[in-house]
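K.L.:
Next up, entry.cif (mmCIF, C-alpha atoms).
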data_model
#
loop_
_atom_site.label_atom_id
_atom_site.label_comp_id
_atom_site.auth_asym_id
_atom_site.auth_seq_id
_atom_site.Cartn_x
_atom_site.Cartn_y
_atom_site.Cartn_z
CA MET A 7 -3.43 -44.14 -9.27
CA GLU A 8 -2.05 -42.51 -12.40
CA GLU A 9 1.38 -40.93 -12.11
CA ASN A 10 1.46 -37.15 -12.06
CA LYS A 11 2.27 -35.34 -15.28
CA TYR A 12 4.90 -32.65 -15.55
CA ILE A 13 3.59 -29.11 -15.43
CA VAL A 14 3.53 -27.46 -18.87
CA GLU A 15 6.54 -25.21 -18.23
CA ASP A 16 8.64 -28.18 -17.08
CA GLU A 17 7.43 -30.30 -20.00
CA CYS A 18 8.57 -27.63 -22.48
CA LYS A 19 12.02 -27.46 -20.91
CA LEU A 20 12.39 -31.25 -20.98
CA LEU A 21 11.25 -31.46 -24.61
CA THR A 22 13.83 -28.84 -25.56
CA ALA A 23 16.60 -30.80 -23.78
CA LEU A 24 15.44 -34.06 -25.39
CA GLY A 25 15.29 -32.36 -28.80
CA LYS A 26 19.00 -31.59 -28.56
CA ILE A 27 19.73 -35.32 -28.24
CA LEU A 28 17.00 -36.99 -30.30
CA LYS A 29 15.10 -36.34 -33.51
CA GLU A 30 11.31 -36.00 -33.51
CA GLU A 31 9.44 -38.69 -35.44
CA PRO A 32 6.38 -37.79 -37.53
CA ASN A 33 5.09 -41.37 -37.13
CA CYS A 34 5.13 -41.43 -33.32
CA PRO A 35 2.85 -43.67 -31.22
CA SER A 36 -0.22 -42.31 -29.49
CA GLU A 37 -0.19 -41.65 -25.76
CA GLU A 38 -2.37 -44.73 -25.23
CA GLU A 39 0.02 -46.95 -27.22
CA ILE A 40 3.07 -45.73 -25.33
CA LEU A 41 1.42 -46.08 -21.91
CA ALA A 42 0.35 -49.64 -22.76
CA GLN A 43 4.03 -50.68 -22.82
CA GLU A 44 5.04 -52.53 -19.65
CA ASP A 45 8.81 -52.17 -19.96
CA ASP A 46 10.98 -49.06 -19.94
CA ILE A 47 11.08 -47.27 -23.31
CA MET A 48 14.41 -46.45 -24.97
CA VAL A 49 15.11 -44.23 -27.97
CA LEU A 50 18.57 -44.04 -29.57
CA ASP A 51 20.05 -40.81 -30.89
CA PRO A 52 20.61 -40.66 -34.69
CA ALA A 53 24.27 -41.76 -34.32
CA ASN A 54 23.37 -44.70 -32.02
CA VAL A 55 25.75 -43.41 -29.35
CA MET A 56 23.25 -42.43 -26.66
CA GLY A 57 20.03 -44.06 -25.54
CA VAL A 58 17.44 -42.07 -23.59
CA ILE A 59 15.20 -44.21 -21.41
CA ALA A 60 11.79 -43.29 -20.02
CA LYS A 61 11.21 -45.22 -16.81
CA THR A 62 7.82 -43.77 -15.79
CA ASN A 63 4.58 -42.96 -17.60
CA ARG A 64 5.11 -39.22 -17.46
CA ALA A 65 8.56 -39.63 -18.99
CA ARG A 66 7.09 -41.97 -21.65
CA ARG A 67 4.55 -39.30 -22.60
CA LEU A 68 7.40 -36.96 -23.51
CA LEU A 69 9.72 -39.52 -25.12
CA ARG A 70 7.00 -40.85 -27.44
CA ARG A 71 7.51 -37.86 -29.77
CA PHE A 72 10.97 -39.18 -30.58
CA MET A 73 9.96 -42.82 -31.17
CA ASP A 74 8.91 -44.38 -34.47
CA LYS A 75 5.54 -46.09 -34.01
CA ASP A 76 6.67 -49.05 -36.14
CA ARG A 77 9.57 -49.73 -33.74
CA LEU A 78 7.44 -49.61 -30.59
CA GLY A 79 8.28 -52.58 -28.38
CA THR A 80 11.28 -53.65 -30.46
CA GLN A 81 13.97 -51.51 -28.80
CA LYS A 82 14.89 -53.30 -25.58
CA VAL A 83 16.77 -51.57 -22.77
CA PRO A 84 20.02 -53.49 -22.23
CA GLU A 85 20.82 -54.91 -18.81
CA LEU A 86 24.22 -53.50 -17.95
CA ARG A 87 26.20 -54.99 -15.10
CA TYR A 88 28.98 -53.07 -13.39
CA ASP A 89 31.73 -54.67 -11.31
CA ASP A 90 31.97 -53.25 -7.81
CA LEU A 91 35.20 -51.76 -6.49
CA VAL A 92 36.95 -51.66 -9.86
CA THR A 93 38.74 -48.51 -10.94
CA SER A 94 37.22 -47.61 -14.28
CA LYS A 95 38.85 -46.01 -17.25
CA SER A 96 36.69 -45.12 -20.23
CA LYS A 97 36.53 -42.31 -22.76
CA PHE A 98 33.26 -40.58 -23.64
CA SER A 99 32.33 -37.88 -26.11
CA THR A 100 32.17 -34.57 -24.29
CA ASP A 101 29.46 -33.35 -26.70
CA TYR A 102 27.16 -36.21 -25.78
CA MET A 103 28.07 -35.95 -22.11
CA VAL A 104 27.08 -32.26 -22.09
CA HIS A 105 23.67 -33.10 -23.60
CA ALA A 106 23.11 -35.86 -21.03
CA VAL A 107 24.09 -33.68 -18.07
CA ASN A 108 21.94 -30.84 -19.44
CA LEU A 109 18.88 -33.10 -19.44
CA PHE A 110 19.42 -33.81 -15.75
CA LYS A 111 20.16 -30.12 -15.16
CA VAL A 112 16.71 -29.32 -16.57
CA VAL A 113 15.18 -31.97 -14.30
CA ASN A 114 16.99 -30.32 -11.37
CA ALA A 115 15.35 -26.99 -12.22
CA LEU A 116 11.77 -28.30 -12.37
CA LYS A 117 9.21 -26.24 -10.52
CA GLY A 118 6.39 -28.77 -10.23
CA ILE A 119 6.07 -31.81 -8.01
CA ASP A 120 9.71 -32.75 -8.68
CA ALA A 121 11.37 -29.62 -7.35
CA ASP A 122 13.42 -31.79 -4.97
CA GLU A 123 14.70 -34.22 -7.66
CA SER A 124 18.18 -32.73 -7.73
CA CYS A 125 20.51 -35.65 -8.28
CA PHE A 126 21.16 -38.60 -10.52
CA VAL A 127 23.22 -41.76 -10.22
CA MET A 128 26.13 -42.35 -12.58
CA ARG A 129 27.69 -45.77 -13.21
CA VAL A 130 30.62 -46.61 -15.41
CA GLY A 131 32.89 -49.59 -16.01
CA ASN A 132 36.08 -50.23 -17.95
CA ASP A 133 35.32 -49.61 -21.63
CA TYR A 134 31.65 -50.05 -20.79
CA PRO A 135 28.65 -47.79 -21.38
CA LEU A 136 28.02 -45.06 -18.84
CA THR A 137 24.54 -44.85 -17.32
CA MET A 138 23.02 -41.81 -15.67
CA SER A 139 19.61 -42.16 -14.03
CA ASN A 140 17.05 -40.78 -11.64
CA LYS A 141 13.51 -41.97 -10.91
CA ASP A 142 12.07 -40.92 -14.31
CA TRP A 143 14.96 -40.90 -16.76
CA ALA A 144 18.07 -42.86 -17.65
CA ILE A 145 20.70 -42.30 -20.31
CA ILE A 146 23.13 -44.85 -21.68
CA LEU A 147 26.22 -43.41 -23.35
CA ALA A 148 28.53 -45.62 -25.37
CA PRO A 149 32.27 -45.24 -24.67
CA ARG A 150 34.62 -43.95 -27.33
CA VAL A 151 36.76 -46.63 -28.87
CA ASP A 152 40.26 -46.16 -30.17
CA THR A 153 40.48 -46.81 -33.90
CA ASP A 154 43.90 -47.68 -35.25
#
Go ahead and render the structure in this file as structure tokens.

P.N.:
Amino acid sequence: MEENKYIVEDECKLLTALGKILKEEPNCPSEEEILAQEDDIMVLDPANVMGVIAKTNRARRLLRRFMDKDRLGTQKVPELRYDDLVTSKSKFSTDYMVHAVNLFKVVNALKGIDADESCFVMRVGNDYPLTMSNKDWAIILAPRVDTD
């Protein structure tokens, strides 16, 4: 059974939130090409600080607009491992964090089938990328590094 699509109003809100993080690509893959991918799809923001990951087909349909067709299948989602029970201390850009949280805030306000999808999981490690995810979306945010 094919996964449900977002309703049009929700899709517009998500595309607006994604557009504040990513840049649209004129050479994007077709819906068929993006749905043929077996793995999660990740697109990096122009500064390579944040990766937005589509984990389901309906999320892939939206994220495809921000992916270069020539890079399809080449951008692998990293496997991040977090140590349990370790107090973490990392610095992150507040600008990028606001965009990430806003994407999940939009998801929280959806009116369609996902009206109950109101939370996301956040993981962080010492000087390690932060991940935020729910069933459809994930974001990886690189930590700030001190430059001397």

K.L.:
Would you pick out the contacts of A:Asp45 at 10 Å or less, using all atoms listed in the file, so that residues sharing its chain but fewer than 5 positions from it are not included, and give the list as a PDB file with C-alpha atoms, in the frame of the given file?

P.N.:
ATOM      1  CA  ALA A  60      11.790 -43.290 -20.020  1.00  0.00           C
ATOM      2  CA  LYS A  61      11.210 -45.220 -16.810  1.00  0.00           C
ATOM      3  CA  THR A  62       7.820 -43.770 -15.790  1.00  0.00           C
ATOM      4  CA  GLY A  79       8.280 -52.580 -28.380  1.00  0.00           C
ATOM      5  CA  LYS A  82      14.890 -53.300 -25.580  1.00  0.00           C
ATOM      6  CA  VAL A  83      16.770 -51.570 -22.770  1.00  0.00           C
TER       7      VAL A  83
END

K.L.:
Would you mind telling me which residue in A:Cys18, A:Val49, A:Leu116, A:Ala65 lies nearest to A:Pro84 when using all atoms listed in the file?

P.N.:
A:Val49

K.L.:
Where does the PyMOL selection byres ((chain A and resi 74) around 12) land in this file, that is, which residues does it pick, as a PyMOL selection string?

P.N.:
chain A and resi 28-36+39-40+47-50+69-73+75-81

K.L.:
Would you work out the distance separating atom CA of A:Ile145 from atom CA of A:Gly57, expressed in Å to one decimal?

P.N.:
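These two atoms are separated by 5.6 Å.
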
K.L.:
Go ahead and compute the interatomic distance for atom CA of A:Ile59 and atom CA of A:Trp143, in Å to one decimal.

P.N.:
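Answer for the atom CA of A:Ile59 to atom CA of A:Trp143 separation: 5.7 Å.
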
K.L.:
So what do you get for atom CA of A:Val113 versus atom CA of A:Gly131, distance-wise?

P.N.:
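Value for the atom CA of A:Val113-atom CA of A:Gly131 distance: 25.0 Å.
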
K.L.:
Given the choices A:Asn54, A:Asn63, A:Asn10, A:Thr22, which gets closest to A:His105 if the distance is worked out from all atoms listed in the file?

P.N.:
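Among A:Asn54, A:Asn63, A:Asn10, A:Thr22, it is A:Thr22 that comes nearest to A:His105.
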
K.L.:
Pick from A:Cys125, A:Val151, A:Leu68, A:Ile13: nearest to A:Ser139, with all atoms listed in the file counted?

P.N.:
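Of A:Cys125, A:Val151, A:Leu68, A:Ile13, the one nearest A:Ser139 is A:Cys125, counting all atoms listed in the file.
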
K.L.:
Between A:Arg87, A:Thr137, A:Ala42, A:Ala53, single out the one closest to A:Met103, counting all atoms listed in the file.

P.N.:
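With all atoms listed in the file as the atom set, the closest residue is A:Thr137.
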
K.L.:
Counting all atoms listed in the file, which of A:Val112, A:Val14, A:Leu24, A:Ala106 gets nearest to A:Leu136?

P.N.:
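Smallest distance to A:Leu136 is found for A:Ala106.
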
K.L.:
Using the chain letters and numbers from the file, give me the residues hit by the PyMOL selection byres ((chain A and resi 101) around 12), as a list in words.

P.N.:
Lys26, Ile27, Val55, Met56, Phe98, Ser99, Thr100, Tyr102, Met103, Val104, His105, Ala106, Val107, Asn108, Leu147 and Arg150 of chain A
